[in-house]
Every structure is written in C-alpha cells, then in structure tokens.
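A.B. asks: So here's final32.txt (compact mmCIF, C-alpha atoms).
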```txt
# COMPACT_ATOMS: atom_id res chain seq x y z
CA MET P 1 -98.56 85.78 88.11
CA PHE P 2 -97.63 83.03 90.58
CA PRO P 3 -99.81 80.24 92.05
CA TRP P 4 -99.34 81.53 95.59
CA VAL P 5 -100.59 85.03 94.66
CA TYR P 6 -104.21 85.82 95.49
CA GLU P 7 -106.68 85.38 92.60
CA PHE P 8 -104.15 83.48 90.49
CA ASN P 9 -105.75 81.69 87.53
CA TRP P 10 -104.34 78.80 85.59
CA THR P 11 -104.31 80.03 81.99
CA PRO P 12 -102.09 79.17 79.01
CA TYR P 13 -100.42 82.56 79.41
CA HIS P 14 -99.59 81.87 83.03
CA LEU P 15 -98.30 78.38 82.23
CA ILE P 16 -95.96 79.76 79.56
CA PHE P 17 -94.74 82.49 81.91
CA LEU P 18 -94.10 80.06 84.75
CA GLY P 19 -92.29 77.66 82.43
CA VAL P 20 -89.95 80.39 81.17
CA PHE P 21 -89.45 81.84 84.67
CA PHE P 22 -88.48 78.59 86.33
CA SER P 23 -86.32 77.58 83.36
CA VAL P 24 -84.29 80.77 83.81
CA ILE P 25 -84.04 80.12 87.56
CA ALA P 26 -82.86 76.56 86.87
CA ILE P 27 -80.22 77.78 84.39
CA ILE P 28 -78.93 80.41 86.82
CA GLY P 29 -78.85 77.90 89.65
CA THR P 30 -77.04 75.30 87.52
CA THR P 31 -74.50 77.90 86.35
CA LEU P 32 -73.78 78.98 89.91
CA LEU P 33 -73.42 75.37 91.04
CA VAL P 34 -71.03 74.54 88.19
CA THR P 35 -69.00 77.68 88.95
CA VAL P 36 -68.72 76.77 92.63
CA LEU P 37 -67.65 73.22 91.78
CA ARG P 38 -65.07 74.45 89.28
CA VAL P 39 -63.62 76.95 91.76
CA ARG P 40 -63.43 74.23 94.38
CA LYS P 41 -61.76 71.88 91.91
CA ASP P 42 -59.30 74.59 90.87
CA PHE P 43 -58.24 75.18 94.44
CA ALA P 44 -58.03 71.44 95.11
CA GLY P 45 -55.92 71.01 91.97
CA GLN P 46 -53.56 73.83 92.98
CA LYS P 47 -54.74 76.06 90.14
CA ALA P 48 -54.98 78.82 92.70
CA GLU P 49 -51.17 78.88 92.72
CA HIS P 50 -51.15 79.36 88.96
CA ILE P 51 -53.70 82.15 89.15
CA GLN P 52 -51.60 83.86 91.80
CA TRP P 53 -48.48 83.50 89.63
CA GLU P 54 -50.28 84.94 86.58
CA SER P 55 -51.23 87.99 88.59
CA ALA P 56 -47.73 88.38 90.06
CA PHE P 57 -46.07 87.99 86.64
CA GLU P 58 -48.15 90.78 85.14
CA GLU P 59 -46.97 93.10 87.91
CA LEU P 60 -43.27 92.34 87.43
CA PRO P 61 -41.17 95.16 85.94
CA ALA P 62 -39.93 94.61 82.40
CA ALA P 63 -36.37 94.14 83.69
CA ALA P 64 -37.50 91.03 85.57
CA ARG P 65 -39.29 89.58 82.52
CA THR P 66 -36.35 89.55 80.12
CA CYS P 67 -36.55 86.68 77.65
CA ARG P 68 -33.84 84.06 78.14
CA HIS P 69 -32.82 84.52 74.49
CA GLU P 70 -32.01 88.15 75.15
CA LEU P 71 -29.79 87.03 78.02
CA THR P 72 -27.69 84.96 75.61
CA ARG P 73 -27.70 87.80 73.02
CA GLU P 74 -29.54 85.80 70.42
CA ILE P 75 -31.85 88.78 70.09
CA ALA P 76 -31.31 92.43 70.99
CA HIS P 77 -34.44 92.92 73.05
CA ARG P 78 -37.33 90.66 73.97
CA THR P 79 -39.65 90.61 76.98
CA CYS P 80 -41.27 87.33 77.98
CA SER P 81 -45.05 87.28 77.68
CA HIS P 82 -45.53 83.60 78.56
CA GLU P 83 -44.89 83.70 82.32
CA PHE P 84 -41.49 82.07 81.68
CA ASP P 85 -43.28 78.98 80.35
CA CYS P 86 -41.09 78.34 77.31
CA GLY P 87 -43.20 75.33 76.37
CA THR P 88 -46.03 77.66 75.32
CA CYS P 89 -43.76 80.02 73.36
CA THR P 90 -43.80 79.42 69.60
CA ALA P 91 -40.46 81.21 69.14
CA HIS P 92 -38.53 79.14 71.69
CA PRO P 93 -37.97 76.00 69.52
CA ALA P 94 -36.56 78.11 66.70
CA PHE P 95 -34.07 79.74 69.04
CA LEU P 96 -33.04 76.37 70.48
CA ALA P 97 -32.38 75.02 67.00
CA LYS P 98 -29.71 77.70 66.56
CA TYR P 99 -28.28 77.90 70.05
CA ASN P 100 -27.83 75.41 72.88
CA PRO P 101 -27.34 77.14 76.26
CA GLU P 102 -26.36 73.87 77.95
CA LYS P 103 -22.94 73.93 76.25
CA PRO P 104 -21.37 77.21 77.42
CA SER P 105 -17.86 78.09 76.28
CA SER P 106 -16.90 79.11 79.82
CA PRO P 107 -18.86 77.52 82.71
CA PRO P 108 -20.20 80.32 84.95
CA GLU P 109 -19.26 78.77 88.28
CA GLU P 110 -18.36 82.10 89.95
CA ILE P 111 -20.12 85.33 89.09
CA CYS P 112 -19.03 88.44 90.95
CA GLY P 113 -18.12 86.25 93.90
CA LEU P 114 -21.39 84.28 93.76
CA GLN P 115 -21.24 80.52 93.36
CA PHE P 116 -23.47 78.97 90.68
CA ALA P 117 -22.86 75.29 90.00
CA THR P 118 -23.44 74.33 86.37
CA ASP P 119 -25.01 70.98 87.27
CA ARG P 120 -28.10 72.84 88.50
CA MET P 121 -30.95 74.68 86.82
CA TYR P 122 -32.18 77.97 88.20
CA HIS P 123 -35.60 79.51 88.67
CA ARG P 124 -35.83 83.28 88.27
CA GLY P 125 -37.14 83.49 91.81
CA HIS P 126 -33.66 82.32 92.94
CA SER P 127 -34.38 78.71 93.74
CA TRP P 128 -32.49 75.88 92.02
CA ILE P 129 -32.90 72.19 91.24
CA GLN P 130 -30.27 69.48 91.01
CA LYS P 131 -31.03 66.01 89.67
CA GLN P 132 -29.99 63.08 91.87
CA GLU P 133 -28.94 59.56 90.91
CA ASP P 134 -32.35 58.20 91.94
CA GLY P 135 -34.08 60.58 89.51
CA ALA P 136 -35.41 62.90 92.22
CA PHE P 137 -34.47 66.59 92.45
CA LEU P 138 -33.04 68.60 95.30
CA ILE P 139 -34.37 72.16 95.58
CA GLY P 140 -32.46 74.96 97.25
CA LEU P 141 -31.98 78.72 97.41
CA ASP P 142 -29.21 80.08 95.19
CA ASP P 143 -26.25 82.07 96.46
CA PHE P 144 -27.77 85.37 95.37
CA GLY P 145 -30.94 84.73 97.37
CA ALA P 146 -29.00 83.37 100.33
CA ARG P 147 -26.81 86.49 100.58
CA LEU P 148 -29.73 88.79 100.01
CA ILE P 149 -31.76 87.28 102.86
CA GLY P 150 -29.07 85.89 105.13
CA THR P 151 -29.87 83.17 107.65
CA PRO P 152 -33.66 82.99 108.03
CA ASP P 153 -35.16 83.23 111.51
CA THR P 154 -37.50 80.32 110.78
CA VAL P 155 -38.21 78.03 107.84
CA ASP P 156 -41.63 76.52 107.12
CA LEU P 157 -41.33 73.56 104.74
CA PRO P 158 -44.25 71.60 103.25
CA GLU P 159 -44.90 68.14 104.63
CA VAL P 160 -43.65 64.98 102.94
CA GLY P 161 -46.26 63.98 100.36
CA ALA P 162 -47.31 67.57 99.66
CA ARG P 163 -47.56 68.53 96.01
CA LEU P 164 -45.71 71.54 94.62
CA LYS P 165 -46.70 73.61 91.62
CA ALA P 166 -44.08 75.35 89.48
CA ASN P 167 -44.15 79.10 90.23
CA GLY P 168 -46.35 78.35 93.24
CA THR P 169 -45.25 78.26 96.85
CA GLY P 170 -42.17 76.13 97.49
CA TRP P 171 -41.69 77.02 101.13
CA HIS P 172 -41.85 79.98 103.49
CA MET P 173 -39.12 81.66 105.48
CA LYS P 174 -39.39 84.36 108.13
CA LYS P 175 -36.87 87.14 108.44
CA MET P 176 -37.20 90.22 110.64
CA ASN P 177 -40.91 89.44 111.13
CA VAL P 178 -41.34 89.33 107.34
CA THR P 179 -42.74 86.13 105.82
CA LEU P 180 -41.03 85.33 102.52
CA ARG P 181 -42.47 82.98 99.92
CA VAL P 182 -39.91 81.12 97.82
CA LEU P 183 -41.35 79.92 94.53
CA SER P 184 -41.13 76.27 93.57
CA PRO P 185 -39.08 75.73 90.41
CA ILE P 186 -40.99 72.57 89.35
CA ASP P 187 -44.14 70.52 89.77
CA GLY P 188 -43.69 67.53 92.02
CA GLU P 189 -44.27 65.64 95.25
CA VAL P 190 -42.16 66.27 98.34
CA LEU P 191 -40.12 63.20 99.26
CA GLU P 192 -37.88 64.64 101.97
CA ARG P 193 -37.36 67.88 103.84
CA GLY P 194 -33.97 69.53 104.30
CA GLY P 195 -33.00 72.90 105.71
CA VAL P 196 -30.37 75.64 105.78
CA GLU P 197 -27.87 73.33 107.46
CA LYS P 198 -28.16 70.76 104.65
CA GLY P 199 -27.71 73.28 101.86
CA TRP P 200 -31.04 72.33 100.29
CA PHE P 201 -34.64 72.57 101.42
CA LEU P 202 -36.68 69.92 99.59
CA LYS P 203 -36.23 66.65 97.75
CA VAL P 204 -38.94 66.23 95.13
CA CYS P 205 -40.17 63.61 92.71
CA ALA P 206 -40.81 65.78 89.65
CA GLU P 207 -43.79 65.45 87.36
CA ASN P 208 -42.71 65.22 83.72
CA PRO P 209 -39.12 66.32 84.48
CA ASP P 210 -38.13 66.83 80.83
CA GLN P 211 -40.83 69.31 79.84
CA GLY P 212 -41.33 70.50 83.41
CA THR P 213 -37.86 72.07 83.54
CA SER P 214 -37.91 73.87 80.18
CA HIS P 215 -38.50 77.25 81.87
CA LEU P 216 -35.41 77.00 84.09
CA LEU P 217 -32.16 78.78 83.27
CA ARG P 218 -28.95 76.82 82.78
CA GLY P 219 -25.44 76.90 81.34
CA ALA P 220 -24.58 80.06 79.42
CA GLU P 221 -27.81 81.74 80.52
CA ILE P 222 -26.80 81.92 84.18
CA ARG P 223 -24.04 84.57 84.06
CA PRO P 224 -25.94 87.26 82.10
CA TRP P 225 -29.05 86.62 84.21
CA ILE P 226 -27.20 87.12 87.51
CA LEU P 227 -25.42 90.23 86.24
CA ARG P 228 -28.82 91.69 85.40
CA GLU P 229 -30.17 90.62 88.78
CA LEU P 230 -27.31 92.49 90.47
CA ASP P 231 -28.26 95.58 88.49
CA ARG P 232 -31.92 95.09 89.37
CA LEU P 233 -31.06 94.77 93.06
CA GLN P 234 -28.86 97.85 92.92
CA PHE P 235 -31.72 99.82 91.39
CA ALA P 236 -34.22 98.51 93.95
CA ILE P 237 -31.99 99.65 96.78
CA THR P 238 -30.74 102.96 95.38
CA THR P 239 -34.31 104.11 94.72
CA ASP P 240 -34.56 104.22 98.51
CA ARG P 241 -31.66 106.69 98.53
CA VAL P 242 -29.07 104.51 100.16
CA GLY P 243 -25.58 103.50 99.15
CA THR P 244 -24.30 100.53 97.19
CA CYS P 245 -24.97 96.94 98.18
CA LEU P 246 -21.87 95.70 96.37
CA ALA P 247 -18.46 95.41 97.95
CA ASP P 248 -15.33 96.72 96.21
CA GLY P 249 -14.74 94.63 93.13
CA GLY P 250 -18.44 94.19 92.38
CA GLU P 251 -19.18 91.30 94.78
CA LEU P 252 -22.48 91.11 96.60
CA VAL P 253 -21.89 91.54 100.32
CA SER P 254 -23.12 88.88 102.73
CA GLU P 255 -26.24 89.56 104.80
CA VAL P 256 -27.09 92.54 102.58
CA TRP P 257 -30.00 93.57 104.80
CA LYS P 258 -27.59 94.33 107.67
CA GLN P 259 -25.94 97.08 105.65
CA TYR P 260 -29.14 99.13 105.42
CA PRO P 261 -31.56 98.17 108.19
CA GLN P 262 -33.70 101.25 107.45
CA LEU P 263 -34.79 99.88 104.07
CA ASP P 264 -38.18 98.38 103.30
CA TRP P 265 -36.69 94.92 103.00
CA ALA P 266 -40.09 93.26 102.72
CA GLY P 267 -40.53 95.10 99.42
CA VAL P 268 -36.99 94.43 98.18
CA TRP P 269 -37.13 90.73 99.04
CA GLY P 270 -40.55 90.38 97.47
CA GLU P 271 -39.38 92.08 94.27
CA MET P 272 -36.24 89.97 93.90
CA LEU P 273 -38.03 86.69 94.72
CA LEU P 274 -40.71 87.57 92.12
CA GLU P 275 -43.55 87.87 94.57
CA ALA P 276 -44.34 91.28 92.99
```
Please express what this file holds, its structure, as structure tokens.
C.D. replies:
Amino acid sequence: MFPWVYEFNWTPYHLIFLGVFFSVIAIIGTTLLVTVLRVRKDFAGQKAEHIQWESAFEELPAAARTCRHELTREIAHRTCSHEFDCGTCTAHPAFLAKYNPEKPSSPPEEICGLQFATDRMYHRGHSWIQKQEDGAFLIGLDDFGARLIGTPDTVDLPEVGARLKANGTGWHMKKMNVTLRVLSPIDGEVLERGGVEKGWFLKVCAENPDQGTSHLLRGAEIRPWILRELDRLQFAITTDRVGTCLADGGELVSEVWKQYPQLDWAGVWGEMLLEA
C-alpha cells in the first residue's frame, strides 16, 4: 500500500489511498501542533492560574461558596456558581439595583474582636486591597487570616514587575514546614513588595480596577461573611475532635494553631484560604 513496500504499484487506487492517508496525518499533526501552542500560550498568559482556580472552586464546600446576596439577606439561600466572578452573573445587576452594600448602616470595623477597615475590599481567601492616592492598590492579609496563621516563618513575594491573576497565586508563606498559597484579589502588576512588618505584602497597579474588583466583598457584606467564616473555621476544627478556637466572648484567639498543635493545620489553612 505504500511506495516503500515491496512490489508497490502506482495505481489510481493507491494514489487515492495515499492522498487520504497523508491528509489525515497532516490534520492530526496540525491539531496536535495547535494544541501544544495553545497550551503554551495559556500558561504564558497565566490561564493556568485560572484553570487551577476553577478546579479549586468546584471542590469548595457549599458553605464557602455562599452568594454575597445571601450574606446581606437579599435572598434566603443562594450558592455562587460563577467562581465569585459577579461580572458573569446575570442576577448580580438586578440585586445591585435594589441594594448597595457600600453604604452600610453600621460600619463593620470590629467583628468579634477582628479589625476590618471599611476602606478596603476583601477577597474570600482572606486577602484585602486598599486603593492609594496614586491609584495603585495595597494588598494584605486580613485579621482573620493573620490570627489563623500567626507570624509566618518565611514569606515568598513575587518580584517587582510580576503579573498577578485574580484568584491565582498572590504570594507564598511557610508555616511549620507547610507552604501556604495566598490568593491574589485582583489582576495587576507588582510595583512594590512589602511584608509582615509593613502591614501589607504587595503594591499593585490593577488592570481594569472598576470591573476587576466587582467580586470583592465590601461594606455591609463584611460582617455576615466573617461571622460565617468563624462558623466554618469552628466546624473545620471541631471535626478533628478538639475544643473551641474562640476565646470567651466569641473572639478568635491569636495564633490559633498554637492552641491545638496536633491538628492537621495544612488542611485547615488550605480550606480557609480557599486552596481546597
């Protein structure tokens, strides 16, 4: 059937066969090449971070995927199915037309002893952003995350000029030989690096800051979210058959991990930081 096979004869039948055969091979080869190029482009364009977030989101328990409009009691029960990307949710604009979370009746500055400034917006992975006078944003770890983890042993921040992807890796911290991945709240380019001592970790020039922050919680959404996070943490810890992580009066104790060193803290931290 092929020219290199003994006693091959050039006939119309053979020519048609060879034409079809090599056409199929060319199509398969082209498809594979295009696939490889697309995968390479996706990784270069940080789409790998998005793919990782999609997978992690699907594994999150329902309690961690509560719709922001349930938090503010606009609806009795609703679970987010858009990976917290409110810009792709058709119901979100209708809710906003009836309720504006940025004008709370009582600013939630202190919640069960936790400090949450109302001039910041919060990612559900417990990072926050704060807009600066120059238009850039500071990114930090909120008080809940800071008390949960305590002082990290080491912090690995991206280099200046690195590009962040919302819900992708913001920075890494190491605690008790566990590497923790803190999710970036926004897309942007790193302008400056901070640290624990500065109270913030990154200064970022955000891409499309108006639409790029629509998934972040703010104002009246903060208090009910944190109260639910305290419940979620309590459940995550008590399932390991240990005592409470809250001090008398309902305040989250500092350096929570020190209270129960026998726990699988890698799992608890990963669950609360939405690594899933």
A.B. asks: For segment 57-68 of chain P, find every residue with an atom within 10 Å (counting only C-alpha atoms), except residues of its own chain fewer than 4 positions away, and show them as a PDB file with C-alpha atoms, in the coordinates of the input.
C.D. replies:
```
ATOM      1  CA  ILE P  51     -53.700  82.150  89.150  1.00  0.00           C
ATOM      2  CA  GLN P  52     -51.600  83.860  91.800  1.00  0.00           C
ATOM      3  CA  TRP P  53     -48.480  83.500  89.630  1.00  0.00           C
ATOM      4  CA  THR P  72     -27.690  84.960  75.610  1.00  0.00           C
ATOM      5  CA  ARG P  73     -27.700  87.800  73.020  1.00  0.00           C
ATOM      6  CA  GLU P  74     -29.540  85.800  70.420  1.00  0.00           C
ATOM      7  CA  ILE P  75     -31.850  88.780  70.090  1.00  0.00           C
ATOM      8  CA  HIS P  77     -34.440  92.920  73.050  1.00  0.00           C
ATOM      9  CA  ARG P  78     -37.330  90.660  73.970  1.00  0.00           C
ATOM     10  CA  THR P  79     -39.650  90.610  76.980  1.00  0.00           C
ATOM     11  CA  CYS P  80     -41.270  87.330  77.980  1.00  0.00           C
ATOM     12  CA  SER P  81     -45.050  87.280  77.680  1.00  0.00           C
ATOM     13  CA  HIS P  82     -45.530  83.600  78.560  1.00  0.00           C
ATOM     14  CA  GLU P  83     -44.890  83.700  82.320  1.00  0.00           C
ATOM     15  CA  PHE P  84     -41.490  82.070  81.680  1.00  0.00           C
ATOM     16  CA  CYS P  86     -41.090  78.340  77.310  1.00  0.00           C
ATOM     17  CA  HIS P  92     -38.530  79.140  71.690  1.00  0.00           C
ATOM     18  CA  PRO P 101     -27.340  77.140  76.260  1.00  0.00           C
ATOM     19  CA  ARG P 124     -35.830  83.280  88.270  1.00  0.00           C
ATOM     20  CA  GLY P 125     -37.140  83.490  91.810  1.00  0.00           C
ATOM     21  CA  ASN P 167     -44.150  79.100  90.230  1.00  0.00           C
ATOM     22  CA  HIS P 215     -38.500  77.250  81.870  1.00  0.00           C
ATOM     23  CA  LEU P 216     -35.410  77.000  84.090  1.00  0.00           C
ATOM     24  CA  LEU P 217     -32.160  78.780  83.270  1.00  0.00           C
ATOM     25  CA  ARG P 218     -28.950  76.820  82.780  1.00  0.00           C
ATOM     26  CA  GLU P 221     -27.810  81.740  80.520  1.00  0.00           C
ATOM     27  CA  ILE P 222     -26.800  81.920  84.180  1.00  0.00           C
ATOM     28  CA  PRO P 224     -25.940  87.260  82.100  1.00  0.00           C
ATOM     29  CA  TRP P 225     -29.050  86.620  84.210  1.00  0.00           C
ATOM     30  CA  ARG P 228     -28.820  91.690  85.400  1.00  0.00           C
ATOM     31  CA  GLU P 229     -30.170  90.620  88.780  1.00  0.00           C
ATOM     32  CA  ASP P 231     -28.260  95.580  88.490  1.00  0.00           C
ATOM     33  CA  ARG P 232     -31.920  95.090  89.370  1.00  0.00           C
ATOM     34  CA  GLU P 271     -39.380  92.080  94.270  1.00  0.00           C
ATOM     35  CA  MET P 272     -36.240  89.970  93.900  1.00  0.00           C
ATOM     36  CA  LEU P 274     -40.710  87.570  92.120  1.00  0.00           C
ATOM     37  CA  GLU P 275     -43.550  87.870  94.570  1.00  0.00           C
ATOM     38  CA  ALA P 276     -44.340  91.280  92.990  1.00  0.00           C
TER      39      ALA P 276
END
```
A.B. asks: Would you list the contacts of segment 146-157 of chain P as a CSV table (one decimal) with C-alpha atoms, keeping the file's coordinate frame, taking every protein, DNA or RNA residue within 6 Å and counting only C-alpha atoms, but skipping same-chain residues closer than 3 positions in sequence?
C.D. replies:
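Dumped everything to around22.csv:
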```csv
chain,number,residue,atom,x,y,z
P,143,ASP,CA,-26.2,82.1,96.5
P,171,TRP,CA,-41.7,77.0,101.1
P,172,HIS,CA,-41.8,80.0,103.5
P,173,MET,CA,-39.1,81.7,105.5
P,174,LYS,CA,-39.4,84.4,108.1
P,175,LYS,CA,-36.9,87.1,108.4
P,254,SER,CA,-23.1,88.9,102.7
P,255,GLU,CA,-26.2,89.6,104.8
P,256,VAL,CA,-27.1,92.5,102.6
```
A.B. asks: Atom CA of Ala136 of chain P to atom CA of Cys205 of chain P: how many Å, to one decimal?
C.D. replies: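 Interatomic distance, atom CA of Ala136 of chain P to atom CA of Cys205 of chain P: 4.8 Å.
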A.B. asks: Distance atom CA of Lys258 of chain P-atom CA of Lys198 of chain P, one decimal place?
C.D. replies: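 Atom CA of Lys198 of chain P lies at a distance of 23.8 Å from atom CA of Lys258 of chain P.
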A.B. asks: So how many Å separate atom CA of Val160 of chain P and atom CA of Gly87 of chain P, to one decimal?
C.D. replies: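 Going from atom CA of Val160 of chain P over to atom CA of Gly87 of chain P covers 28.5 Å.
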A.B. asks: For each of P:Glu197, P:Glu70, P:Glu110, P:Glu251, take the minimum atom-to-atom distance to Gly140 of chain P, counting all atoms listed in the file, then give the residue where this is smallest.
C.D. replies: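 Nearest candidate to Gly140 of chain P out of P:Glu197, P:Glu70, P:Glu110, P:Glu251: P:Glu197.
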A.B. asks: Using only C-alpha atoms, pick whichever of P:Lys203, P:Lys131, P:His126, P:Lys165 has the shortest atom-to-atom distance to Trp269 of chain P.
C.D. replies: P:His126
